[in-house]
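Pasted below: model-v3.cif, mmCIF, C-alpha atoms.
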data_coords
#
loop_
_atom_site.group_PDB
_atom_site.id
_atom_site.type_symbol
_atom_site.label_atom_id
_atom_site.label_comp_id
_atom_site.auth_asym_id
_atom_site.auth_seq_id
_atom_site.Cartn_x
_atom_site.Cartn_y
_atom_site.Cartn_z
ATOM 1 C CA MET A 49 -115.270 -101.944 -0.611
ATOM 2 C CA THR A 50 -111.560 -102.762 -0.879
ATOM 3 C CA GLY A 51 -108.861 -100.422 -2.106
ATOM 4 C CA ASN A 52 -108.777 -102.226 -5.445
ATOM 5 C CA ASP A 53 -112.536 -101.856 -5.794
ATOM 6 C CA ASP A 54 -112.161 -98.158 -5.018
ATOM 7 C CA SER A 55 -109.660 -97.722 -7.826
ATOM 8 C CA GLY A 56 -112.021 -99.233 -10.384
ATOM 9 C CA LEU A 57 -114.957 -97.250 -9.036
ATOM 10 C CA LEU A 58 -113.053 -93.980 -9.291
ATOM 11 C CA GLU A 59 -112.109 -94.794 -12.862
ATOM 12 C CA LEU A 60 -115.770 -95.375 -13.726
ATOM 13 C CA PHE A 61 -116.705 -92.154 -11.942
ATOM 14 C CA SER A 62 -114.094 -90.281 -13.976
ATOM 15 C CA ASP A 63 -115.546 -91.649 -17.223
ATOM 16 C CA TYR A 64 -119.052 -90.720 -16.049
ATOM 17 C CA LEU A 65 -117.966 -87.119 -15.425
ATOM 18 C CA THR A 66 -116.165 -86.898 -18.760
ATOM 19 C CA PHE A 67 -118.590 -88.558 -21.140
ATOM 20 C CA GLU A 68 -121.989 -88.142 -19.476
ATOM 21 C CA LYS A 69 -121.718 -85.000 -17.365
ATOM 22 C CA ARG A 70 -119.209 -83.430 -19.783
ATOM 23 C CA LEU A 71 -117.415 -81.551 -17.039
ATOM 24 C CA SER A 72 -114.187 -79.703 -17.669
ATOM 25 C CA SER A 73 -110.958 -81.572 -16.957
ATOM 26 C CA LYS A 74 -110.259 -79.351 -13.947
ATOM 27 C CA THR A 75 -113.695 -79.915 -12.385
ATOM 28 C CA LYS A 76 -113.587 -83.626 -13.142
ATOM 29 C CA ASP A 77 -110.210 -84.017 -11.400
ATOM 30 C CA ALA A 78 -111.486 -82.088 -8.365
ATOM 31 C CA TYR A 79 -114.610 -84.281 -8.114
ATOM 32 C CA VAL A 80 -112.645 -87.516 -8.459
ATOM 33 C CA GLU A 81 -110.198 -86.309 -5.802
ATOM 34 C CA GLU A 82 -113.011 -85.602 -3.334
ATOM 35 C CA ALA A 83 -114.566 -89.013 -4.027
ATOM 36 C CA SER A 84 -111.145 -90.588 -3.434
ATOM 37 C CA VAL A 85 -110.770 -88.803 -0.081
ATOM 38 C CA LEU A 86 -114.240 -90.006 0.950
ATOM 39 C CA LEU A 87 -113.478 -93.608 0.004
ATOM 40 C CA SER A 88 -110.172 -93.525 1.888
ATOM 41 C CA TRP A 89 -111.974 -92.193 4.945
ATOM 42 C CA CYS A 90 -114.554 -94.983 4.629
ATOM 43 C CA ASN A 91 -111.779 -97.594 4.580
ATOM 44 C CA GLU A 92 -110.140 -96.107 7.677
ATOM 45 C CA GLU A 93 -113.459 -95.917 9.505
ATOM 46 C CA LYS A 94 -114.461 -99.392 8.256
ATOM 47 C CA LYS A 95 -117.596 -98.024 6.625
ATOM 48 C CA ASP A 96 -119.165 -99.045 3.324
ATOM 49 C CA VAL A 97 -119.969 -96.162 0.990
ATOM 50 C CA SER A 98 -123.034 -98.124 -0.131
ATOM 51 C CA PHE A 99 -124.604 -97.621 3.310
ATOM 52 C CA LEU A 100 -123.291 -94.241 4.437
ATOM 53 C CA LEU A 101 -125.813 -92.195 6.393
ATOM 54 C CA PHE A 102 -126.307 -88.457 6.775
ATOM 55 C CA SER A 103 -124.550 -88.663 10.159
ATOM 56 C CA ASP A 104 -121.554 -90.344 8.499
ATOM 57 C CA LEU A 105 -121.261 -87.491 6.002
ATOM 58 C CA ASP A 106 -121.416 -85.041 8.865
ATOM 59 C CA ALA A 107 -118.511 -86.903 10.512
ATOM 60 C CA PHE A 108 -116.616 -86.870 7.206
ATOM 61 C CA LEU A 109 -116.986 -83.088 6.897
ATOM 62 C CA VAL A 110 -115.665 -82.704 10.448
ATOM 63 C CA PHE A 111 -112.707 -84.849 9.385
ATOM 64 C CA ARG A 112 -112.114 -82.656 6.329
ATOM 65 C CA LYS A 113 -112.266 -79.519 8.473
ATOM 66 C CA GLU A 114 -109.743 -80.971 10.920
ATOM 67 C CA LYS A 115 -107.312 -81.684 8.070
ATOM 68 C CA GLY A 116 -107.225 -78.002 7.208
ATOM 69 C CA LYS A 117 -109.195 -74.831 7.694
ATOM 70 C CA LEU A 118 -111.969 -74.851 5.105
ATOM 71 C CA GLU A 119 -113.808 -71.789 3.905
ATOM 72 C CA GLU A 120 -117.541 -71.910 3.290
ATOM 73 C CA ARG A 121 -116.986 -71.881 -0.477
ATOM 74 C CA THR A 122 -114.662 -74.900 -0.187
ATOM 75 C CA ILE A 123 -117.252 -76.861 1.795
ATOM 76 C CA SER A 124 -119.840 -76.080 -0.870
ATOM 77 C CA LYS A 125 -117.487 -77.409 -3.548
ATOM 78 C CA ILE A 126 -116.916 -80.605 -1.542
ATOM 79 C CA LEU A 127 -120.666 -81.115 -1.231
ATOM 80 C CA SER A 128 -121.142 -80.524 -4.968
ATOM 81 C CA ALA A 129 -118.532 -83.167 -5.740
ATOM 82 C CA LEU A 130 -120.051 -85.675 -3.310
ATOM 83 C CA ARG A 131 -123.596 -85.023 -4.518
ATOM 84 C CA CYS A 132 -122.446 -85.870 -8.028
ATOM 85 C CA PHE A 133 -120.573 -88.945 -6.764
ATOM 86 C CA PHE A 134 -123.624 -90.334 -4.964
ATOM 87 C CA ASN A 135 -125.804 -89.681 -8.020
ATOM 88 C CA PHE A 136 -123.275 -91.775 -9.936
ATOM 89 C CA LEU A 137 -123.516 -94.536 -7.304
ATOM 90 C CA ILE A 138 -127.298 -94.525 -7.686
ATOM 91 C CA LYS A 139 -126.934 -94.810 -11.448
ATOM 92 C CA GLU A 140 -124.596 -97.773 -10.996
ATOM 93 C CA GLY A 141 -127.057 -99.494 -8.647
ATOM 94 C CA ILE A 142 -124.656 -99.241 -5.694
ATOM 95 C CA ARG A 143 -127.011 -97.006 -3.705
ATOM 96 C CA LYS A 144 -130.698 -96.123 -3.718
ATOM 97 C CA ASP A 145 -130.442 -92.635 -2.236
ATOM 98 C CA ASN A 146 -128.219 -89.567 -2.087
ATOM 99 C CA PRO A 147 -127.391 -88.653 1.540
ATOM 100 C CA VAL A 148 -125.810 -85.356 0.477
ATOM 101 C CA LEU A 149 -129.292 -83.987 -0.236
ATOM 102 C CA SER A 150 -129.903 -83.998 3.526
ATOM 103 C CA VAL A 151 -126.826 -81.895 4.272
ATOM 104 C CA ASP A 152 -127.406 -78.179 4.647
ATOM 105 C CA ARG A 153 -125.149 -76.118 2.440
ATOM 106 C CA PRO A 154 -123.287 -73.312 4.199
ATOM 107 C CA LYS A 155 -124.438 -69.842 3.290
ATOM 108 C CA THR A 156 -121.623 -68.654 1.083
ATOM 109 C CA ARG A 157 -120.484 -65.087 1.300
ATOM 110 C CA LEU A 158 -120.309 -63.130 -1.908
ATOM 111 C CA TYR A 159 -116.875 -63.662 -3.405
ATOM 112 C CA LEU A 160 -115.499 -60.545 -5.041
ATOM 113 C CA PRO A 161 -112.575 -61.312 -7.332
ATOM 114 C CA ARG A 162 -109.421 -59.233 -7.098
ATOM 115 C CA THR A 163 -109.241 -56.502 -9.717
ATOM 116 C CA LEU A 164 -106.635 -53.974 -10.774
ATOM 117 C CA SER A 165 -106.971 -50.242 -11.210
ATOM 118 C CA ARG A 166 -106.380 -48.818 -14.673
ATOM 119 C CA GLN A 167 -103.054 -47.449 -13.453
ATOM 120 C CA GLU A 168 -101.968 -50.889 -12.192
ATOM 121 C CA VAL A 169 -102.941 -52.484 -15.522
ATOM 122 C CA GLU A 170 -100.879 -49.860 -17.323
ATOM 123 C CA GLU A 171 -97.900 -50.535 -15.029
ATOM 124 C CA ILE A 172 -98.063 -54.242 -15.851
ATOM 125 C CA LEU A 173 -98.370 -53.701 -19.593
ATOM 126 C CA GLU A 174 -95.509 -51.207 -19.484
ATOM 127 C CA GLU A 175 -93.296 -53.962 -18.047
ATOM 128 C CA PHE A 176 -93.625 -55.875 -21.312
ATOM 129 C CA ARG A 177 -93.096 -52.969 -23.726
ATOM 130 C CA ASP A 178 -89.663 -53.823 -25.091
ATOM 131 C CA ASP A 179 -89.220 -53.498 -28.852
ATOM 132 C CA GLY A 180 -85.820 -55.163 -28.666
ATOM 133 C CA ASP A 181 -86.957 -58.475 -27.186
ATOM 134 C CA VAL A 182 -89.068 -60.823 -29.317
ATOM 135 C CA LEU A 183 -90.545 -62.709 -26.356
ATOM 136 C CA MET A 184 -91.389 -59.501 -24.531
ATOM 137 C CA MET A 185 -93.181 -58.143 -27.605
ATOM 138 C CA ARG A 186 -95.128 -61.392 -27.800
ATOM 139 C CA ASP A 187 -95.990 -61.188 -24.101
ATOM 140 C CA TYR A 188 -97.122 -57.579 -24.373
ATOM 141 C CA THR A 189 -99.531 -58.595 -27.142
ATOM 142 C CA ILE A 190 -100.857 -61.472 -25.036
ATOM 143 C CA PHE A 191 -101.621 -59.409 -21.953
ATOM 144 C CA GLU A 192 -102.929 -56.422 -23.890
ATOM 145 C CA LEU A 193 -105.252 -58.808 -25.723
ATOM 146 C CA ILE A 194 -106.514 -60.464 -22.526
ATOM 147 C CA TYR A 195 -107.216 -57.098 -20.929
ATOM 148 C CA SER A 196 -108.877 -55.777 -24.091
ATOM 149 C CA SER A 197 -111.102 -58.815 -24.660
ATOM 150 C CA GLY A 198 -111.555 -60.518 -21.284
ATOM 151 C CA MET A 199 -110.752 -63.925 -22.757
ATOM 152 C CA ARG A 200 -109.514 -66.767 -20.585
ATOM 153 C CA ILE A 201 -105.870 -67.819 -20.751
ATOM 154 C CA SER A 202 -106.914 -71.285 -21.997
ATOM 155 C CA GLU A 203 -108.847 -69.615 -24.810
ATOM 156 C CA LEU A 204 -105.889 -67.416 -25.712
ATOM 157 C CA VAL A 205 -103.324 -70.199 -26.052
ATOM 158 C CA ASN A 206 -105.766 -72.126 -28.257
ATOM 159 C CA LEU A 207 -106.089 -69.272 -30.756
ATOM 160 C CA ASP A 208 -104.887 -69.880 -34.306
ATOM 161 C CA VAL A 209 -103.601 -67.233 -36.707
ATOM 162 C CA ASP A 210 -106.852 -67.331 -38.669
ATOM 163 C CA SER A 211 -108.860 -66.733 -35.470
ATOM 164 C CA PHE A 212 -108.132 -63.035 -35.938
ATOM 165 C CA SER A 213 -110.015 -61.002 -38.559
ATOM 166 C CA ARG A 214 -108.211 -57.829 -39.595
ATOM 167 C CA GLU A 215 -111.147 -56.590 -41.626
ATOM 168 C CA GLU A 216 -113.669 -56.842 -38.788
ATOM 169 C CA SER A 217 -111.298 -56.307 -35.814
ATOM 170 C CA PHE A 218 -112.559 -59.359 -33.962
ATOM 171 C CA ILE A 219 -111.273 -62.715 -32.783
ATOM 172 C CA ARG A 220 -113.143 -66.006 -32.888
ATOM 173 C CA VAL A 221 -112.711 -67.625 -29.490
ATOM 174 C CA VAL A 222 -113.531 -71.229 -28.574
ATOM 175 C CA GLY A 223 -114.558 -71.297 -24.930
ATOM 176 C CA LYS A 224 -115.771 -73.898 -22.478
ATOM 177 C CA ARG A 225 -117.490 -76.956 -23.952
ATOM 178 C CA ASN A 226 -116.257 -75.890 -27.408
ATOM 179 C CA LYS A 227 -118.694 -72.986 -27.552
ATOM 180 C CA GLU A 228 -117.518 -70.420 -30.094
ATOM 181 C CA ARG A 229 -118.022 -66.687 -29.705
ATOM 182 C CA VAL A 230 -116.875 -63.539 -31.476
ATOM 183 C CA VAL A 231 -114.887 -61.067 -29.364
ATOM 184 C CA PHE A 232 -114.227 -57.534 -30.540
ATOM 185 C CA ILE A 233 -111.018 -55.912 -29.345
ATOM 186 C CA GLY A 234 -109.867 -52.350 -28.782
ATOM 187 C CA GLU A 235 -107.733 -50.338 -31.168
ATOM 188 C CA ILE A 236 -104.569 -50.659 -29.072
ATOM 189 C CA ALA A 237 -104.892 -54.442 -28.819
ATOM 190 C CA GLU A 238 -105.702 -54.663 -32.525
ATOM 191 C CA ARG A 239 -102.497 -52.815 -33.437
ATOM 192 C CA ALA A 240 -100.522 -55.042 -31.077
ATOM 193 C CA VAL A 241 -101.926 -58.238 -32.641
ATOM 194 C CA ILE A 242 -101.251 -57.024 -36.200
ATOM 195 C CA ASN A 243 -97.698 -56.005 -35.289
ATOM 196 C CA TYR A 244 -97.141 -59.389 -33.631
ATOM 197 C CA ILE A 245 -98.444 -61.351 -36.640
ATOM 198 C CA ASP A 246 -96.506 -59.303 -39.184
ATOM 199 C CA PHE A 247 -93.178 -58.804 -37.440
ATOM 200 C CA VAL A 248 -92.834 -60.873 -34.247
ATOM 201 C CA ARG A 249 -94.416 -64.255 -34.984
ATOM 202 C CA PRO A 250 -92.260 -64.806 -38.120
ATOM 203 C CA LEU A 251 -89.170 -64.551 -35.891
ATOM 204 C CA LEU A 252 -90.536 -67.273 -33.615
ATOM 205 C CA LEU A 253 -91.544 -69.663 -36.400
ATOM 206 C CA ASN A 254 -89.437 -72.770 -36.685
ATOM 207 C CA LYS A 255 -88.368 -73.475 -40.287
ATOM 208 C CA LYS A 256 -89.264 -77.113 -39.738
ATOM 209 C CA LYS A 257 -92.719 -76.172 -38.472
ATOM 210 C CA MET A 258 -93.758 -73.462 -40.922
ATOM 211 C CA LYS A 259 -97.277 -74.899 -41.062
ATOM 212 C CA GLU A 260 -97.854 -74.258 -37.333
ATOM 213 C CA LYS A 261 -101.329 -72.728 -36.976
ATOM 214 C CA ALA A 262 -101.024 -71.440 -33.394
ATOM 215 C CA LEU A 263 -101.178 -67.677 -33.021
ATOM 216 C CA PHE A 264 -98.873 -67.469 -30.020
ATOM 217 C CA LEU A 265 -95.628 -69.427 -30.232
ATOM 218 C CA ASN A 266 -92.853 -70.277 -27.798
ATOM 219 C CA ARG A 267 -89.159 -69.912 -28.602
ATOM 220 C CA ARG A 268 -89.199 -73.339 -30.338
ATOM 221 C CA GLY A 269 -91.964 -72.278 -32.717
ATOM 222 C CA GLU A 270 -94.601 -74.406 -30.985
ATOM 223 C CA ARG A 271 -97.948 -73.457 -29.471
ATOM 224 C CA LEU A 272 -97.484 -71.579 -26.219
ATOM 225 C CA THR A 273 -98.791 -73.276 -23.062
ATOM 226 C CA ARG A 274 -100.859 -71.848 -20.215
ATOM 227 C CA GLN A 275 -98.072 -72.650 -17.774
ATOM 228 C CA ALA A 276 -95.564 -70.617 -19.777
ATOM 229 C CA VAL A 277 -97.902 -67.614 -19.933
ATOM 230 C CA HIS A 278 -98.528 -67.775 -16.173
ATOM 231 C CA LYS A 279 -94.795 -67.963 -15.491
ATOM 232 C CA ARG A 280 -93.940 -64.995 -17.719
ATOM 233 C CA PHE A 281 -96.677 -62.912 -16.099
ATOM 234 C CA HIS A 282 -95.729 -63.735 -12.509
ATOM 235 C CA GLU A 283 -92.046 -63.007 -13.069
ATOM 236 C CA ARG A 284 -92.832 -59.404 -14.020
ATOM 237 C CA VAL A 285 -95.761 -58.709 -11.709
ATOM 238 C CA GLU A 286 -93.789 -59.946 -8.709
ATOM 239 C CA LYS A 287 -91.166 -57.282 -9.395
ATOM 240 C CA LEU A 288 -93.894 -54.633 -9.302
ATOM 241 C CA GLY A 289 -95.119 -55.895 -5.945
ATOM 242 C CA LEU A 290 -98.675 -56.339 -7.218
ATOM 243 C CA ASP A 291 -101.095 -59.059 -6.148
ATOM 244 C CA ALA A 292 -102.341 -60.260 -9.525
ATOM 245 C CA THR A 293 -102.621 -63.260 -11.812
ATOM 246 C CA VAL A 294 -103.313 -63.449 -15.533
ATOM 247 C CA HIS A 295 -106.968 -64.067 -14.666
ATOM 248 C CA THR A 296 -106.984 -60.769 -12.746
ATOM 249 C CA LEU A 297 -106.702 -59.005 -16.119
ATOM 250 C CA ARG A 298 -109.964 -60.698 -17.166
ATOM 251 C CA HIS A 299 -111.677 -59.568 -13.952
ATOM 252 C CA SER A 300 -110.309 -56.057 -14.421
ATOM 253 C CA PHE A 301 -111.563 -55.906 -18.007
ATOM 254 C CA ALA A 302 -115.120 -56.741 -16.906
ATOM 255 C CA THR A 303 -115.044 -54.341 -13.971
ATOM 256 C CA HIS A 304 -113.726 -51.440 -16.033
ATOM 257 C CA MET A 305 -116.361 -52.140 -18.680
ATOM 258 C CA ILE A 306 -119.089 -51.911 -16.016
ATOM 259 C CA GLU A 307 -117.590 -48.668 -14.722
ATOM 260 C CA ASN A 308 -117.740 -47.248 -18.248
ATOM 261 C CA GLY A 309 -121.434 -48.027 -18.561
ATOM 262 C CA ALA A 310 -121.399 -51.311 -20.520
ATOM 263 C CA ASP A 311 -124.539 -53.408 -20.080
ATOM 264 C CA ILE A 312 -124.342 -56.730 -18.274
ATOM 265 C CA ARG A 313 -125.553 -58.809 -21.247
ATOM 266 C CA SER A 314 -122.806 -57.498 -23.524
ATOM 267 C CA ILE A 315 -120.169 -58.317 -20.922
ATOM 268 C CA GLN A 316 -121.688 -61.774 -20.439
ATOM 269 C CA GLU A 317 -121.292 -62.400 -24.166
ATOM 270 C CA MET A 318 -117.701 -61.153 -24.263
ATOM 271 C CA LEU A 319 -116.665 -63.209 -21.230
ATOM 272 C CA GLY A 320 -118.395 -66.325 -22.531
ATOM 273 C CA HIS A 321 -120.515 -66.866 -19.410
ATOM 274 C CA SER A 322 -123.411 -69.253 -19.968
ATOM 275 C CA ASP A 323 -125.319 -67.784 -17.003
ATOM 276 C CA VAL A 324 -125.693 -64.034 -16.500
ATOM 277 C CA LYS A 325 -125.581 -64.608 -12.721
ATOM 278 C CA THR A 326 -121.865 -65.324 -13.073
ATOM 279 C CA THR A 327 -121.364 -61.986 -14.798
ATOM 280 C CA GLN A 328 -123.393 -60.070 -12.204
ATOM 281 C CA ILE A 329 -120.540 -60.393 -9.717
ATOM 282 C CA TYR A 330 -118.947 -57.445 -11.505
ATOM 283 C CA THR A 331 -121.918 -55.218 -10.718
ATOM 284 C CA HIS A 332 -121.220 -55.952 -7.049
ATOM 285 C CA LEU A 333 -117.605 -54.951 -7.583
ATOM 286 C CA ASP A 334 -118.738 -51.654 -9.070
ATOM 287 C CA THR A 335 -121.115 -51.070 -6.158
ATOM 288 C CA LYS A 336 -118.342 -51.878 -3.703
ATOM 289 C CA GLU A 337 -116.139 -49.227 -5.328
ATOM 290 C CA LEU A 338 -118.955 -46.678 -4.983
ATOM 291 C CA LEU A 339 -119.419 -47.565 -1.318
ATOM 292 C CA ASP A 340 -115.680 -47.342 -0.680
ATOM 293 C CA SER A 341 -115.637 -43.897 -2.312
ATOM 294 C CA TYR A 342 -118.601 -42.836 -0.186
ATOM 295 C CA ASP A 343 -116.854 -44.042 2.985
ATOM 296 C CA ARG A 344 -113.719 -42.098 2.072
ATOM 297 C CA PHE A 345 -115.831 -39.018 1.371
ATOM 298 C CA ALA A 346 -117.684 -39.378 4.676
ATOM 299 C CA SER A 347 -114.404 -39.743 6.560
ATOM 300 C CA LEU A 348 -113.084 -36.523 5.037
ATOM 301 C CA LEU A 349 -116.246 -34.684 6.080
ATOM 302 C CA LYS A 350 -115.914 -35.943 9.623
ATOM 303 C CA LEU A 351 -112.313 -34.777 9.746
ATOM 304 C CA SER A 352 -113.494 -31.349 8.613
ATOM 305 C CA GLY A 353 -116.147 -31.310 11.327
ATOM 306 C CA ASP A 354 -119.173 -31.677 9.040
ATOM 307 C CA ASP A 355 -121.097 -34.832 10.018
ATOM 308 C CA ASP A 356 -124.049 -34.312 7.684
ATOM 309 C CA VAL A 357 -123.026 -36.188 4.514
ATOM 310 C CA SER A 358 -126.446 -35.592 2.987
ATOM 311 C CA LYS A 359 -125.769 -31.885 2.381
#
Would you put the structure from the file into structure tokens?
Amino acid sequence: MTGNDDSGLLELFSDYLTFEKRLSSKTKDAYVEEASVLLSWCNEEKKDVSFLLFSDLDAFLVFRKEKGKLEERTISKILSALRCFFNFLIKEGIRKDNPVLSVDRPKTRLYLPRTLSRQEVEEILEEFRDDGDVLMMRDYTIFELIYSSGMRISELVNLDVDSFSREESFIRVVGKRNKERVVFIGEIAERAVINYIDFVRPLLLNKKKMKEKALFLNRRGERLTRQAVHKRFHERVEKLGLDATVHTLRHSFATHMIENGADIRSIQEMLGHSDVKTTQIYTHLDTKELLDSYDRFASLLKLSGDDDVSK
């Protein structure tokens, strides 16, 4: 295939991922990018993607590894993208088989997301408690709400004023693939949201855009963007010297819920996970904390000269 042919093929692949597979924009872009890298490699190696063999894919993965150190999880993502791409080629009649099915997936290690302690969460929230700054009061509400509900940042910026129910103390959240769920929030977050709606948001409203439905507004009275929220968070957290992102608040919410005895199904519902296996990662986090505590306890006993930790 020529470069021009590749361009048209990638465009068709993008449409296939959007309209038939219904993948998120982020996943779609990642898959198209991997397909593009493969096609570029084929052109350099003078190979036709229509006739690539298992051995060719093996050579391609070696090429990808040489370009940069790849973790096992990254290789798995590459293979997922290519498996989908070759299924698309079969659908288009360009190939009759999917060579990726012959490639062994690396055994991925359990990935434990970074979480914050309750004290670290409190330190971060304290950074935004400033009753004299409208934007800081807005930001405090945002991060208190994320930590209290576990919602994604994309879900938060898409909230409208009427998403929040004062009477029932819940928020209607539209998650991935437009799936709606009801999320109940804690008393502190509830007070923060009510205070923001009653006293802070009116100060951010633009007189020319009084009909704006967005719950969280920027200084121009328009819907706040994910990028702006990330930037505001990083500016403050960096000063504290903490390794955290906005998404870390979501992870911390789930982990602290597990530690407090919440059942996995309830957390799955609050996080908006379609598969409970995704939520179960937080049970591993809780177990890891228990093991770390046990190790610290055992070390103290050894220092005291008592090696029998079963006593």
Hey, what comes out of the PyMOL selection byres ((chain A and resi 238) around 12) on this file? Could you write it as a compact mmCIF listing (two decimals) with C-alpha atoms, in the coordinates of the input?
# COMPACT_ATOMS: atom_id res chain seq x y z
CA THR A 189 -99.53 -58.60 -27.14
CA ILE A 190 -100.86 -61.47 -25.04
CA GLU A 192 -102.93 -56.42 -23.89
CA LEU A 193 -105.25 -58.81 -25.72
CA ILE A 194 -106.51 -60.46 -22.53
CA TYR A 195 -107.22 -57.10 -20.93
CA SER A 196 -108.88 -55.78 -24.09
CA SER A 197 -111.10 -58.82 -24.66
CA PHE A 212 -108.13 -63.04 -35.94
CA SER A 213 -110.02 -61.00 -38.56
CA ARG A 214 -108.21 -57.83 -39.60
CA GLU A 215 -111.15 -56.59 -41.63
CA GLU A 216 -113.67 -56.84 -38.79
CA SER A 217 -111.30 -56.31 -35.81
CA PHE A 218 -112.56 -59.36 -33.96
CA ILE A 219 -111.27 -62.72 -32.78
CA VAL A 231 -114.89 -61.07 -29.36
CA PHE A 232 -114.23 -57.53 -30.54
CA ILE A 233 -111.02 -55.91 -29.34
CA GLY A 234 -109.87 -52.35 -28.78
CA GLU A 235 -107.73 -50.34 -31.17
CA ILE A 236 -104.57 -50.66 -29.07
CA ALA A 237 -104.89 -54.44 -28.82
CA ARG A 239 -102.50 -52.82 -33.44
CA ALA A 240 -100.52 -55.04 -31.08
CA VAL A 241 -101.93 -58.24 -32.64
CA ILE A 242 -101.25 -57.02 -36.20
CA ASN A 243 -97.70 -56.00 -35.29
CA TYR A 244 -97.14 -59.39 -33.63
CA ILE A 245 -98.44 -61.35 -36.64
*Which neighbours of His304 of chain A fall inside 12 Å, counting all atoms listed in the file, when residues of the same chain fewer than 3 positions from it are skipped, and could you give them as a PyMOL selection string?*
chain A and resi 163-167+169+195-198+296-301+307-311+315+330-331+333-334+337
Preceding selection exported with C-alpha atoms as a compact mmCIF listing (two decimals), in the coordinates of the input:
# COMPACT_ATOMS: atom_id res chain seq x y z
CA THR A 163 -109.24 -56.50 -9.72
CA LEU A 164 -106.64 -53.97 -10.77
CA SER A 165 -106.97 -50.24 -11.21
CA ARG A 166 -106.38 -48.82 -14.67
CA GLN A 167 -103.05 -47.45 -13.45
CA VAL A 169 -102.94 -52.48 -15.52
CA TYR A 195 -107.22 -57.10 -20.93
CA SER A 196 -108.88 -55.78 -24.09
CA SER A 197 -111.10 -58.82 -24.66
CA GLY A 198 -111.56 -60.52 -21.28
CA THR A 296 -106.98 -60.77 -12.75
CA LEU A 297 -106.70 -59.00 -16.12
CA ARG A 298 -109.96 -60.70 -17.17
CA HIS A 299 -111.68 -59.57 -13.95
CA SER A 300 -110.31 -56.06 -14.42
CA PHE A 301 -111.56 -55.91 -18.01
CA GLU A 307 -117.59 -48.67 -14.72
CA ASN A 308 -117.74 -47.25 -18.25
CA GLY A 309 -121.43 -48.03 -18.56
CA ALA A 310 -121.40 -51.31 -20.52
CA ASP A 311 -124.54 -53.41 -20.08
CA ILE A 315 -120.17 -58.32 -20.92
CA TYR A 330 -118.95 -57.44 -11.50
CA THR A 331 -121.92 -55.22 -10.72
CA LEU A 333 -117.60 -54.95 -7.58
CA ASP A 334 -118.74 -51.65 -9.07
CA GLU A 337 -116.14 -49.23 -5.33
Residues matched by the PyMOL selection byres ((chain A and resi 262) around 6) as a short mmCIF file (atom, residue, chain, number, x, y, z; two decimals) with C-alpha atoms, in the coordinates of the input:
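part-v8.cif, freshly written:
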data_model
loop_
_atom_site.label_atom_id
_atom_site.label_comp_id
_atom_site.auth_asym_id
_atom_site.auth_seq_id
_atom_site.Cartn_x
_atom_site.Cartn_y
_atom_site.Cartn_z
CA ASP A 208 -104.89 -69.88 -34.31
CA VAL A 209 -103.60 -67.23 -36.71
CA GLU A 260 -97.85 -74.26 -37.33
CA LYS A 261 -101.33 -72.73 -36.98
CA LEU A 263 -101.18 -67.68 -33.02
CA PHE A 264 -98.87 -67.47 -30.02
CA ARG A 271 -97.95 -73.46 -29.47
#
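Interatomic distance, atom CA of Leu253 of chain A to atom CA of Leu183 of chain A: 12.3 Å.
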*In Å, how far is it from atom CA of Phe281 of chain A to atom CA of Phe247 of chain A?*
22.0 Å
*Could you pull out every residue with an atom within 12 Å of (-124.7, -88.6, -6.2), file coordinates, counting only C-alpha atoms, and send them as an MDAnalysis selection string?*
chainID A and resid 61 64:65 79 83 97:98 127:150
Next, write the just-selected residues to a file, as a PDB file, keeping the file's coordinate frame, keeping C-alpha atoms as the atom set.
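Written out: result_26.pdb:
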ATOM      1  CA  PHE A  61    -116.705 -92.154 -11.942  1.00  0.00           C
ATOM      2  CA  TYR A  64    -119.052 -90.720 -16.049  1.00  0.00           C
ATOM      3  CA  LEU A  65    -117.966 -87.119 -15.425  1.00  0.00           C
ATOM      4  CA  TYR A  79    -114.610 -84.281  -8.114  1.00  0.00           C
ATOM      5  CA  ALA A  83    -114.566 -89.013  -4.027  1.00  0.00           C
ATOM      6  CA  VAL A  97    -119.969 -96.162   0.990  1.00  0.00           C
ATOM      7  CA  SER A  98    -123.034 -98.124  -0.131  1.00  0.00           C
ATOM      8  CA  LEU A 127    -120.666 -81.115  -1.231  1.00  0.00           C
ATOM      9  CA  SER A 128    -121.142 -80.524  -4.968  1.00  0.00           C
ATOM     10  CA  ALA A 129    -118.532 -83.167  -5.740  1.00  0.00           C
ATOM     11  CA  LEU A 130    -120.051 -85.675  -3.310  1.00  0.00           C
ATOM     12  CA  ARG A 131    -123.596 -85.023  -4.518  1.00  0.00           C
ATOM     13  CA  CYS A 132    -122.446 -85.870  -8.028  1.00  0.00           C
ATOM     14  CA  PHE A 133    -120.573 -88.945  -6.764  1.00  0.00           C
ATOM     15  CA  PHE A 134    -123.624 -90.334  -4.964  1.00  0.00           C
ATOM     16  CA  ASN A 135    -125.804 -89.681  -8.020  1.00  0.00           C
ATOM     17  CA  PHE A 136    -123.275 -91.775  -9.936  1.00  0.00           C
ATOM     18  CA  LEU A 137    -123.516 -94.536  -7.304  1.00  0.00           C
ATOM     19  CA  ILE A 138    -127.298 -94.525  -7.686  1.00  0.00           C
ATOM     20  CA  LYS A 139    -126.934 -94.810 -11.448  1.00  0.00           C
ATOM     21  CA  GLU A 140    -124.596 -97.773 -10.996  1.00  0.00           C
ATOM     22  CA  GLY A 141    -127.057 -99.494  -8.647  1.00  0.00           C
ATOM     23  CA  ILE A 142    -124.656 -99.241  -5.694  1.00  0.00           C
ATOM     24  CA  ARG A 143    -127.011 -97.006  -3.705  1.00  0.00           C
ATOM     25  CA  LYS A 144    -130.698 -96.123  -3.718  1.00  0.00           C
ATOM     26  CA  ASP A 145    -130.442 -92.635  -2.236  1.00  0.00           C
ATOM     27  CA  ASN A 146    -128.219 -89.567  -2.087  1.00  0.00           C
ATOM     28  CA  PRO A 147    -127.391 -88.653   1.540  1.00  0.00           C
ATOM     29  CA  VAL A 148    -125.810 -85.356   0.477  1.00  0.00           C
ATOM     30  CA  LEU A 149    -129.292 -83.987  -0.236  1.00  0.00           C
ATOM     31  CA  SER A 150    -129.903 -83.998   3.526  1.00  0.00           C
TER      32      SER A 150
END
